[in-house]
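File shown here: data_33.txt, holding compact mmCIF, C-alpha atoms (C1' of nucleotides).
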```
# COMPACT_ATOMS: atom_id res chain seq x y z
CA MET A 1 -159.19 179.81 333.70
CA SER A 2 -159.64 176.13 333.13
CA THR A 3 -163.28 175.72 334.02
CA GLU A 4 -162.98 172.02 333.60
CA PRO A 5 -163.66 169.99 336.74
CA ARG A 6 -160.82 168.20 338.28
CA HIS A 7 -160.33 164.51 338.26
CA PRO A 8 -158.86 163.19 341.46
CA GLY A 9 -156.12 160.69 341.65
CA SER A 10 -158.40 157.74 341.35
CA GLY A 11 -159.45 156.40 338.04
CA THR A 12 -157.49 156.56 334.92
CA ALA A 13 -156.60 160.09 334.06
CA PRO A 14 -157.88 161.48 330.81
CA THR A 15 -155.02 163.38 329.30
CA SER A 16 -157.19 164.36 326.39
CA GLY A 17 -158.39 167.48 328.08
CA ARG A 18 -157.42 169.84 325.30
CA ALA A 19 -157.30 172.77 327.61
CA LYS A 20 -155.50 176.03 327.21
CA PRO A 21 -152.28 175.95 325.27
CA SER A 22 -150.59 178.96 326.72
CA PRO A 23 -150.00 179.17 330.44
CA ASP A 24 -149.49 182.72 331.60
CA VAL A 25 -145.86 182.44 332.46
CA GLU A 26 -143.06 183.92 330.48
CA THR A 27 -140.51 181.55 329.13
CA SER A 28 -137.77 182.88 331.34
CA PRO A 29 -138.07 186.12 333.23
CA SER A 30 -134.81 187.59 332.02
CA THR A 31 -132.97 185.21 329.79
CA GLY A 32 -133.94 186.35 326.39
CA ASP A 33 -130.33 186.10 325.29
CA ARG A 34 -130.69 182.59 323.92
CA ALA A 35 -130.91 181.74 320.30
CA ALA A 36 -134.28 183.03 319.32
CA ALA A 37 -135.77 179.94 317.70
CA ASP A 38 -134.92 177.58 320.52
CA PRO A 39 -137.77 176.38 322.67
CA PRO A 40 -137.66 177.32 326.31
CA GLY A 41 -135.37 174.96 328.15
CA PHE A 42 -138.04 173.68 330.43
CA GLU A 43 -140.22 172.49 327.57
CA LEU A 44 -138.11 169.42 326.96
CA PRO A 45 -138.45 167.84 330.40
CA LEU A 46 -142.12 168.69 330.48
CA ARG A 47 -142.70 167.10 327.10
CA LEU A 48 -140.81 164.02 328.19
CA PHE A 49 -142.98 163.69 331.23
CA LEU A 50 -146.16 164.38 329.30
CA ALA A 51 -145.21 161.78 326.71
CA PHE A 52 -144.66 159.29 329.49
CA ARG A 53 -147.99 160.21 330.99
CA VAL A 54 -149.79 159.81 327.70
CA LEU A 55 -148.47 156.31 327.22
CA ILE A 56 -149.16 155.19 330.77
CA ASP A 57 -152.61 156.72 330.89
CA GLU A 58 -153.66 155.13 327.64
CA LEU A 59 -152.21 151.83 328.71
CA HIS A 60 -154.30 151.79 331.83
CA ALA A 61 -157.41 153.01 330.12
CA GLU A 62 -157.12 150.11 327.70
CA LEU A 63 -156.12 147.72 330.47
CA ALA A 64 -159.28 148.66 332.33
CA ARG A 65 -161.31 147.93 329.21
CA GLN A 66 -159.67 144.53 328.97
CA GLY A 67 -160.65 143.42 332.44
CA HIS A 68 -157.93 144.95 334.62
CA PRO A 69 -159.50 148.08 336.07
CA ASP A 70 -157.71 147.86 339.38
CA VAL A 71 -154.15 147.88 338.14
CA ARG A 72 -152.44 151.15 338.89
CA PRO A 73 -149.35 152.44 337.07
CA MET A 74 -147.25 151.54 340.06
CA HIS A 75 -148.58 148.00 340.04
CA GLY A 76 -147.62 147.27 336.48
CA PHE A 77 -144.19 148.64 337.16
CA VAL A 78 -143.79 146.55 340.26
CA MET A 79 -145.01 143.42 338.50
CA GLN A 80 -142.47 143.98 335.79
CA ALA A 81 -139.85 144.17 338.51
CA ILE A 82 -141.15 140.98 340.11
CA GLY A 83 -140.84 139.16 336.84
CA THR A 84 -141.90 135.67 335.90
CA ARG A 85 -139.34 134.09 338.15
CA GLY A 86 -140.65 135.75 341.26
CA THR A 87 -138.69 137.50 343.94
CA THR A 88 -138.83 138.46 347.61
CA ALA A 89 -139.97 141.63 349.27
CA ALA A 90 -136.48 142.63 350.30
CA GLU A 91 -135.05 141.99 346.87
CA LEU A 92 -137.93 143.83 345.25
CA GLY A 93 -137.33 146.77 347.51
CA ARG A 94 -133.71 146.90 346.49
CA ARG A 95 -134.62 146.62 342.85
CA LEU A 96 -137.12 149.44 343.05
CA GLY A 97 -135.07 151.60 345.34
CA VAL A 98 -137.56 151.58 348.22
CA SER A 99 -137.51 150.02 351.66
CA LYS A 100 -138.46 146.40 352.04
CA GLN A 101 -141.42 147.53 354.13
CA ALA A 102 -142.73 149.70 351.31
CA ALA A 103 -142.21 146.87 348.87
CA GLY A 104 -144.02 144.58 351.27
CA LYS A 105 -146.99 146.90 351.41
CA THR A 106 -147.26 147.04 347.66
CA ILE A 107 -147.03 143.27 347.56
CA ASP A 108 -149.86 143.14 350.07
CA THR A 109 -151.97 145.21 347.72
CA LEU A 110 -151.13 143.12 344.69
CA GLU A 111 -151.87 139.98 346.66
CA ARG A 112 -155.20 141.35 347.79
CA ILE A 113 -156.33 142.16 344.27
CA GLY A 114 -155.11 138.80 343.05
CA TYR A 115 -152.07 139.62 340.95
CA VAL A 116 -149.36 137.97 343.02
CA GLU A 117 -149.18 135.19 345.57
CA ARG A 118 -146.66 134.41 348.25
CA GLY A 119 -145.01 131.04 348.52
CA THR A 120 -142.19 129.65 350.58
CA ASP A 121 -138.63 128.99 349.58
CA ALA A 122 -137.63 125.37 350.12
CA ASN A 123 -134.01 126.35 350.51
CA ASP A 124 -134.47 129.27 352.87
CA ALA A 125 -137.22 129.30 355.47
CA ARG A 126 -136.89 133.03 355.91
CA ARG A 127 -137.71 133.93 352.35
CA LYS A 128 -141.21 134.19 350.98
CA ILE A 129 -141.20 134.10 347.24
CA VAL A 130 -143.62 136.45 345.55
CA ARG A 131 -144.86 135.13 342.24
CA LEU A 132 -147.25 136.49 339.66
CA THR A 133 -150.57 134.74 339.49
CA GLU A 134 -152.14 133.78 336.19
CA ARG A 135 -154.07 137.01 336.36
CA GLY A 136 -150.89 138.92 337.02
CA VAL A 137 -149.19 137.38 334.02
CA ASP A 138 -152.27 138.10 331.95
CA SER A 139 -152.08 141.77 332.82
CA LEU A 140 -148.44 141.86 331.77
CA VAL A 141 -149.15 140.07 328.52
CA ARG A 142 -151.93 142.49 327.74
CA SER A 143 -149.75 145.41 328.75
CA ALA A 144 -147.11 144.26 326.32
CA HIS A 145 -149.67 144.07 323.53
CA ILE A 146 -151.07 147.47 324.36
CA PHE A 147 -147.64 149.05 324.54
CA ASP A 148 -146.85 147.54 321.18
CA ASN A 149 -150.02 149.02 319.76
CA LEU A 150 -149.28 152.40 321.26
CA ARG A 151 -145.81 152.28 319.84
CA ALA A 152 -147.28 151.39 316.46
CA ARG A 153 -149.56 154.40 316.68
CA TRP A 154 -146.60 156.61 317.41
CA ALA A 155 -144.85 155.03 314.48
CA ASP A 156 -147.81 156.01 312.32
CA THR A 157 -147.64 159.54 313.64
CA LEU A 158 -143.91 160.06 313.58
CA GLY A 159 -142.73 157.53 311.08
CA GLU A 160 -140.96 154.35 312.04
CA ASP A 161 -137.52 155.78 311.46
CA ARG A 162 -138.18 158.87 313.52
CA LEU A 163 -139.53 156.74 316.34
CA ARG A 164 -136.46 154.54 316.26
CA ALA A 165 -134.29 157.60 316.29
CA LEU A 166 -136.21 158.91 319.28
CA GLU A 167 -135.73 155.68 321.15
CA SER A 168 -132.10 155.56 320.23
CA ASP A 169 -131.57 159.13 321.36
CA LEU A 170 -133.30 158.48 324.64
CA ARG A 171 -130.99 155.55 325.25
CA LEU A 172 -128.04 157.85 324.76
CA VAL A 173 -129.13 160.28 327.43
CA THR A 174 -130.51 157.90 330.03
CA PRO A 175 -128.71 155.54 332.37
CA PRO A 176 -128.78 151.90 331.32
CA ASP A 177 -130.39 150.87 334.58
CA PHE A 178 -133.99 150.09 333.92
CA PHE A 179 -135.66 149.79 337.22
CA HIS A 180 -134.55 151.61 340.32
CA LEU A 181 -136.48 154.73 339.57
CA ASP A 182 -136.75 155.85 343.18
CA VAL A 183 -140.18 157.18 342.49
CA PRO A 184 -141.14 157.43 346.17
CA GLY A 185 -140.64 160.85 347.62
CA TRP A 186 -138.66 162.02 344.70
CA PHE A 187 -140.95 164.62 343.22
CA GLY A 188 -142.26 166.14 346.39
CA GLY A 189 -140.30 167.66 349.15
CA TYR A 190 -140.32 168.51 352.76
CA GLN A 191 -143.53 170.31 353.46
CA MET B 1 -156.82 158.85 322.89
CA SER B 2 -155.12 162.13 322.71
CA THR B 3 -152.60 161.54 320.02
CA GLU B 4 -153.94 161.94 316.58
CA PRO B 5 -151.52 161.54 313.75
CA ARG B 6 -150.76 164.80 312.09
CA HIS B 7 -148.13 164.61 309.47
CA PRO B 8 -145.44 162.02 309.28
CA GLY B 9 -142.20 163.72 310.05
CA SER B 10 -139.76 163.97 307.24
CA GLY B 11 -137.37 161.22 307.96
CA THR B 12 -134.14 161.81 309.70
CA ALA B 13 -131.59 159.16 309.10
CA PRO B 14 -131.82 156.68 311.94
CA THR B 15 -128.67 155.59 313.58
CA SER B 16 -128.24 152.21 315.04
CA GLY B 17 -129.46 151.92 318.57
CA ARG B 18 -127.67 150.03 321.24
CA ALA B 19 -128.70 146.73 322.60
CA LYS B 20 -131.69 146.58 324.87
CA PRO B 21 -131.15 145.94 328.54
CA SER B 22 -133.69 143.16 328.79
CA PRO B 23 -134.96 143.10 332.34
CA ASP B 24 -136.25 139.97 333.91
CA VAL B 25 -139.57 139.68 332.22
CA GLU B 26 -140.12 138.58 328.70
CA THR B 27 -141.20 141.29 326.34
CA SER B 28 -144.47 139.65 325.52
CA PRO B 29 -144.97 135.95 325.99
CA SER B 30 -147.13 135.68 322.90
CA THR B 31 -146.56 138.73 320.77
CA GLY B 32 -143.66 137.66 318.70
CA ASP B 33 -145.52 138.81 315.64
CA ARG B 34 -143.95 142.24 315.68
CA ALA B 35 -140.97 143.20 313.67
CA ALA B 36 -138.18 141.30 315.27
CA ALA B 37 -135.74 144.12 316.00
CA ASP B 38 -138.23 146.34 317.81
CA PRO B 39 -137.55 147.11 321.43
CA PRO B 40 -140.00 145.86 324.02
CA GLY B 41 -142.99 148.15 324.14
CA PHE B 42 -142.48 149.16 327.71
CA GLU B 43 -138.99 150.48 327.09
CA LEU B 44 -140.25 153.67 325.48
CA PRO B 45 -142.28 154.98 328.43
CA LEU B 46 -139.55 154.02 330.83
CA ARG B 47 -136.93 155.82 328.78
CA LEU B 48 -139.14 158.87 328.59
CA PHE B 49 -139.48 158.91 332.33
CA LEU B 50 -135.80 158.27 332.90
CA ALA B 51 -134.89 161.07 330.53
CA PHE B 52 -137.20 163.38 332.44
CA ARG B 53 -135.63 162.24 335.69
CA VAL B 54 -132.14 162.85 334.41
CA LEU B 55 -132.92 166.42 333.45
CA ILE B 56 -134.76 167.26 336.63
CA ASP B 57 -132.16 165.65 338.86
CA GLU B 58 -129.33 167.50 337.20
CA LEU B 59 -131.25 170.73 337.31
CA HIS B 60 -131.69 170.47 341.04
CA ALA B 61 -128.16 169.34 341.68
CA GLU B 62 -126.93 172.45 339.90
CA LEU B 63 -129.59 174.61 341.52
CA ALA B 64 -128.37 173.44 344.90
CA ARG B 65 -124.84 174.42 343.93
CA GLN B 66 -126.06 177.87 342.95
CA GLY B 67 -127.63 178.62 346.28
CA HIS B 68 -131.03 176.97 346.04
CA PRO B 69 -130.62 173.70 347.89
CA ASP B 70 -134.17 173.66 349.25
CA VAL B 71 -136.05 173.80 345.99
CA ARG B 72 -137.70 170.50 345.16
CA PRO B 73 -138.78 169.44 341.68
CA MET B 74 -142.37 170.13 342.61
CA HIS B 75 -141.49 173.64 343.75
CA GLY B 76 -139.94 174.71 340.51
CA PHE B 77 -142.90 173.40 338.66
CA VAL B 78 -145.31 175.19 340.93
CA MET B 79 -143.40 178.45 340.69
CA GLN B 80 -143.53 178.25 336.92
CA ALA B 81 -147.27 177.85 337.26
CA ILE B 82 -147.48 180.81 339.61
CA GLY B 83 -145.68 182.97 337.11
CA THR B 84 -144.43 186.50 337.44
CA ARG B 85 -147.90 187.92 337.64
CA GLY B 86 -148.87 185.90 340.68
CA THR B 87 -152.03 183.95 341.25
CA THR B 88 -154.25 182.58 344.01
CA ALA B 89 -154.31 179.22 345.70
CA ALA B 90 -157.57 178.20 344.09
CA GLU B 91 -156.45 179.26 340.64
CA LEU B 92 -153.12 177.53 341.11
CA GLY B 93 -154.88 174.36 342.12
CA ARG B 94 -156.97 174.43 338.98
CA ARG B 95 -153.94 175.10 336.86
CA LEU B 96 -152.00 172.23 338.36
CA GLY B 97 -154.90 169.86 338.51
CA VAL B 98 -154.87 169.48 342.29
CA SER B 99 -157.23 170.63 345.00
CA LYS B 100 -156.97 174.16 346.26
CA GLN B 101 -156.07 172.73 349.66
CA ALA B 102 -153.09 170.90 348.21
CA ALA B 103 -152.06 174.00 346.33
CA GLY B 104 -152.39 175.97 349.53
CA LYS B 105 -150.09 173.62 351.38
CA THR B 106 -147.45 173.85 348.71
CA ILE B 107 -147.75 177.61 348.83
CA ASP B 108 -147.25 177.41 352.60
CA THR B 109 -144.01 175.57 352.02
CA LEU B 110 -142.79 177.98 349.37
CA GLU B 111 -143.67 180.89 351.61
CA ARG B 112 -141.80 179.34 354.52
CA ILE B 113 -138.61 178.86 352.52
CA GLY B 114 -138.91 182.34 351.11
CA TYR B 115 -139.82 181.82 347.47
CA VAL B 116 -143.29 183.30 347.43
CA GLU B 117 -145.21 185.81 349.50
CA ARG B 118 -148.89 186.37 350.00
CA GLY B 119 -150.54 189.70 349.47
CA THR B 120 -154.08 190.88 349.39
CA ASP B 121 -156.20 191.77 346.41
CA ALA B 122 -157.52 195.31 346.59
CA ASN B 123 -160.47 194.42 344.42
CA ASP B 124 -161.50 191.20 346.15
CA ALA B 125 -161.09 190.77 349.87
CA ARG B 126 -161.41 187.01 349.59
CA ARG B 127 -158.43 186.51 347.36
CA LYS B 128 -154.85 186.35 348.56
CA ILE B 129 -152.46 186.87 345.74
CA VAL B 130 -149.38 184.69 345.78
CA ARG B 131 -146.35 186.30 344.20
CA LEU B 132 -142.80 185.16 343.66
CA THR B 133 -140.23 186.83 345.83
CA GLU B 134 -136.96 188.08 344.45
CA ARG B 135 -135.45 184.79 345.54
CA GLY B 136 -138.20 182.88 343.80
CA VAL B 137 -137.60 184.74 340.56
CA ASP B 138 -133.89 184.15 340.92
CA SER B 139 -134.44 180.41 341.14
CA LEU B 140 -136.53 180.50 337.98
CA VAL B 141 -133.95 182.55 336.13
CA ARG B 142 -131.22 180.15 337.15
CA SER B 143 -133.40 177.20 336.26
CA ALA B 144 -133.90 178.59 332.80
CA HIS B 145 -130.15 178.98 332.36
CA ILE B 146 -129.47 175.50 333.66
CA PHE B 147 -132.11 173.97 331.44
CA ASP B 148 -130.57 175.74 328.51
CA ASN B 149 -127.18 174.32 329.43
CA LEU B 150 -128.59 170.86 329.81
CA ARG B 151 -130.27 171.16 326.47
CA ALA B 152 -126.97 172.26 324.97
CA ARG B 153 -125.32 169.20 326.44
CA TRP B 154 -127.91 166.99 324.87
CA ALA B 155 -127.36 168.81 321.63
CA ASP B 156 -123.68 167.92 321.89
CA THR B 157 -124.55 164.30 322.49
CA LEU B 158 -127.30 163.89 319.95
CA GLY B 159 -126.65 166.65 317.49
CA GLU B 160 -128.72 169.78 317.28
CA ASP B 161 -130.89 168.46 314.47
CA ARG B 162 -131.65 165.22 316.24
CA LEU B 163 -132.55 167.09 319.39
CA ARG B 164 -134.86 169.37 317.48
CA ALA B 165 -136.42 166.34 315.85
CA LEU B 166 -136.90 164.78 319.26
CA GLU B 167 -138.61 167.88 320.59
CA SER B 168 -140.74 168.16 317.52
CA ASP B 169 -141.76 164.53 317.77
CA LEU B 170 -142.63 164.88 321.42
CA ARG B 171 -144.86 167.81 320.60
CA LEU B 172 -146.72 165.64 318.13
CA VAL B 173 -147.56 162.96 320.65
CA THR B 174 -148.30 165.10 323.70
CA PRO B 175 -151.26 167.31 324.47
CA PRO B 176 -150.65 171.01 323.96
CA ASP B 177 -151.49 171.82 327.54
CA PHE B 178 -148.33 172.52 329.39
CA PHE B 179 -149.25 172.48 333.01
CA HIS B 180 -152.05 170.43 334.42
CA LEU B 181 -149.94 167.38 334.93
CA ASP B 182 -152.06 165.93 337.71
CA VAL B 183 -148.95 164.67 339.38
CA PRO B 184 -150.66 164.19 342.76
CA GLY B 185 -151.83 160.71 343.49
CA TRP B 186 -151.44 159.76 339.92
CA PHE B 187 -148.75 157.16 340.13
CA GLY B 188 -149.91 155.38 343.20
CA GLY B 189 -153.16 153.68 343.82
CA TYR B 190 -155.39 152.29 346.44
CA GLN B 191 -153.44 150.25 348.90
C1' DT C 1 -182.47 191.88 349.13
C1' DA C 2 -182.14 187.08 348.98
C1' DT C 3 -179.53 183.50 346.90
C1' DA C 4 -175.70 181.42 344.90
C1' DA C 5 -170.84 181.06 344.04
C1' DT C 6 -165.97 181.62 345.38
C1' DC C 7 -161.89 182.18 348.42
C1' DG C 8 -159.17 180.54 351.98
C1' DA C 9 -158.92 177.93 356.20
C1' DC C 10 -159.63 173.92 359.27
C1' DA C 11 -160.44 169.07 360.21
C1' DA C 12 -160.58 164.24 359.20
C1' DT C 13 -159.05 160.73 356.25
C1' DG C 14 -156.37 157.70 352.92
C1' DT C 15 -152.30 156.25 350.54
C1' DG C 16 -147.64 155.36 350.46
C1' DG C 17 -143.39 156.19 352.03
C1' DT C 18 -139.93 156.16 356.14
C1' DT C 19 -137.28 154.38 360.44
C1' DG C 20 -137.04 151.38 364.37
C1' DT C 21 -137.66 147.05 366.60
C1' DC C 22 -138.57 142.26 366.86
C1' DT C 23 -138.21 137.07 365.90
C1' DA C 24 -136.69 133.42 363.00
C1' DT C 25 -133.38 131.60 360.01
C1' DA C 26 -128.78 131.25 357.50
C1' DT C 27 -124.12 131.77 357.20
C1' DA C 28 -119.34 132.69 358.52
C1' DG C 29 -115.62 132.55 361.95
C1' DT C 30 -113.40 130.51 365.78
C1' DA D 1 -120.04 122.43 367.15
C1' DC D 2 -120.82 127.05 368.83
C1' DT D 3 -121.14 131.65 368.53
C1' DA D 4 -121.40 136.08 366.09
C1' DT D 5 -123.27 138.39 362.37
C1' DA D 6 -126.31 139.23 358.62
C1' DT D 7 -130.69 138.78 356.47
C1' DA D 8 -136.02 138.02 355.70
C1' DG D 9 -140.23 139.42 357.00
C1' DA D 10 -143.62 141.35 360.28
C1' DC D 11 -145.33 144.99 363.35
C1' DA D 12 -145.64 149.72 365.01
C1' DA D 13 -145.09 154.57 364.98
C1' DC D 14 -144.52 158.30 362.23
C1' DC D 15 -144.32 161.57 358.22
C1' DA D 16 -145.46 163.60 353.55
C1' DC D 17 -148.88 164.81 350.60
C1' DA D 18 -152.88 164.25 348.53
C1' DT D 19 -158.13 163.84 349.13
C1' DT D 20 -163.15 165.30 350.66
C1' DG D 21 -166.14 167.84 353.60
C1' DT D 22 -167.25 171.89 356.08
C1' DC D 23 -167.32 176.65 357.41
C1' DG D 24 -167.16 181.85 357.68
C1' DA D 25 -166.26 185.79 354.90
C1' DT D 26 -166.90 188.05 350.69
C1' DT D 27 -168.49 188.84 346.05
C1' DA D 28 -171.68 188.21 342.21
C1' DT D 29 -176.23 187.48 340.56
C1' DA D 30 -181.34 186.90 340.13
```

For the structure just supplied, provide its representation as structure tokens.
Amino acid sequence: MSTEPRHPGSGTAPTSGRAKPSPDVETSPSTGDRAAADPPGFELPLRLFLAFRVLIDELHAELARQGHPDVRPMHGFVMQAIGTRGTTAAELGRRLGVSKQAAGKTIDTLERIGYVERGTDANDARRKIVRLTERGVDSLVRSAHIFDNLRARWADTLGEDRLRALESDLRLVTPPDFFHLDVPGWFGGYQ
Amino acid sequence: MSTEPRHPGSGTAPTSGRAKPSPDVETSPSTGDRAAADPPGFELPLRLFLAFRVLIDELHAELARQGHPDVRPMHGFVMQAIGTRGTTAAELGRRLGVSKQAAGKTIDTLERIGYVERGTDANDARRKIVRLTERGVDSLVRSAHIFDNLRARWADTLGEDRLRALESDLRLVTPPDFFHLDVPGWFGGYQ
DNA sequence: TATAATCGACAATGTGGTTGTCTATATAGT
DNA sequence: ACTATATAGACAACCACATTGTCGATTATA
């Protein structure tokens, strides 16, 4: 059906594909006993994810335009978790909910592309403090601006009060813990 | 840019949101020129993702209780994309935005755990039609029920009107295409 | 009929996660 | 002070899941 060519994982995903609206699958094979006007239950999680995707994709498209083409969604998230005060691989792993080895690998990548640097801890010879470089901070500053602009665009679309209500509602149904998303193998499964 | 403003939603009375968690990094080191009470721009995407996570995690916890402990988030999504009419690996790959090889592997998994089965196409000897088994359909039926229950719980928390407003708002800022999430290597990057 | 396109399979590869093991360093208990 | 235990980070092996490239079989088309 969708004759559009695929875009592999690299590069910033488009999201503006405007493909087919209706997928071929019935809402629910045999649960037509719900209130008629309600949307299918699985629309809500999908919309939440799509909304997330839209924001992240547009962020990185704009970030690429502003001189940060190599930053991946994961990187920005990790740099947020590193913070301006810096941290260690083990601590970062705990914060993100991944092993310290995985955190270390991501730090390797960020170091290689120049967004973090490793230093030593004067008080603990074991620890190596990971700190954002100037470039790393710059990417976060620009991300903040871009997110603000995206939010403003949503405010134009939805109205400021509706957007605030949306944010408020999301806070009510989500855990207060910000990081610790456990993104790793969460979506996939045992093959 | 995939979000064009349509019509500003008729305002629902906003309720006061709770305090922001404030992770380790400053919102924006030099963007204090926004309205002061606004949340940091990156909270919105994170909340969207967390909300998605909450729904999917609870779905699968309940699904496991109801006799489907092996279904992973990806599986349910893929089965929705397969649909009751069945499809082929190549078509499924296009629909999901992944390669036909990746789609084929996921189909292998679903076949192994008994949720789909492969048949032949009488009209085209190349194609192998993938269809949901009875067990596969059962998992989708239960998923629909569980999603409905989860939605009802959110309606209790937020109020039915607020929830409808949330869904409506999400529709305004997301592309109409349901599937085609390009989940694959999207989050990660080049190491 | 010759040529092109498509399906499904196989192989090789890359990314990103895991566990396990190792050394060096810090810290707590005796 | 000395020893036991815990922790940081590095290295290796492995696994999960995606990618591209290729290939034979089959269908569609010029």

| query | Near segment 51-57 of chain B, within 6 Å and counting all atoms listed in the file, which residues show up once chain neighbours fewer than 6 positions away are dropped, as a list in words? | reply |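 In the requested format, the answer is Pro45, Leu48, Phe49 and Thr174 of chain A.
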
| At what distance in Å, to one decimal, does atom CA of Arg151 of chain B lie from atom CA of Phe42 of chain B? |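 Going from atom CA of Phe42 of chain B over to atom CA of Arg151 of chain B, I get 25.2 Å.
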
| message | Here is a test: counting all atoms listed in the file, which residue of B:Asp156, B:Asp124, B:Asp161, B:Asp148 is nearest to chain A? | response | B:Asp148

| Selected residue, from B:Ile82, B:Ala90, B:Val137, B:Val98, that lies nearest to chain D when counting only C-alpha atoms (C1' of nucleotides) | B:Val98

Contact check, segment 66-104 of chain A to segment 2-26 of chain D, at most 9 Å, counting only C-alpha atoms (C1' of nucleotides), closest pairs as CSV:
```
residue,atom,partner,partner_atom,distance
A:Thr88,CA,D:DA8,C1',8.6
A:Ala89,CA,D:DG9,C1',8.0
A:Ala90,CA,D:DA8,C1',7.1
A:Lys100,CA,D:DG9,C1',8.7
A:Gln101,CA,D:DG9,C1',8.7
A:Gly104,CA,D:DG9,C1',8.6
```

| Rounded to one decimal in Å, what is the spacing between atom CA of Thr87 of chain B and atom CA of Phe147 of chain B? |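 Here the two named atoms are 24.3 Å from each other.
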
| said: Based on all atoms listed in the file, which of the residues in chain C come within 10 Å of chain B? I want them as a count of residues only. | reply: 7

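Here atom CA of Glu111 of chain B stands at a distance of 12.2 Å from atom CA of Asp70 of chain B.
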
| task | Have a look at A:Arg164, A:Arg131, A:Ala152, A:Asp121 and name the one nearest to DT25 of chain C; count only C-alpha atoms (C1' of nucleotides). | result |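 Closest residue, counting only C-alpha atoms (C1' of nucleotides): A:Asp121.
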
| Neighbours of Glu134 of chain A within 12 Å (only C-alpha atoms (C1' of nucleotides); same-chain residues fewer than 2 positions away dropped), as number ranges by chain? | A: 84, 114-117, 131-132, 136-141

| field | Residue among B:Ser143, B:Ala103, B:Asp177, B:Thr133 lying closest to chain D, counting all atoms listed in the file | value |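 Counting all atoms listed in the file, the residue closest to chain D is B:Ala103.
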
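Distance check against chain A using all atoms listed in the file: of B:Met74, B:Leu59, B:Ala64, B:Ile129, the minimum falls on B:Met74.
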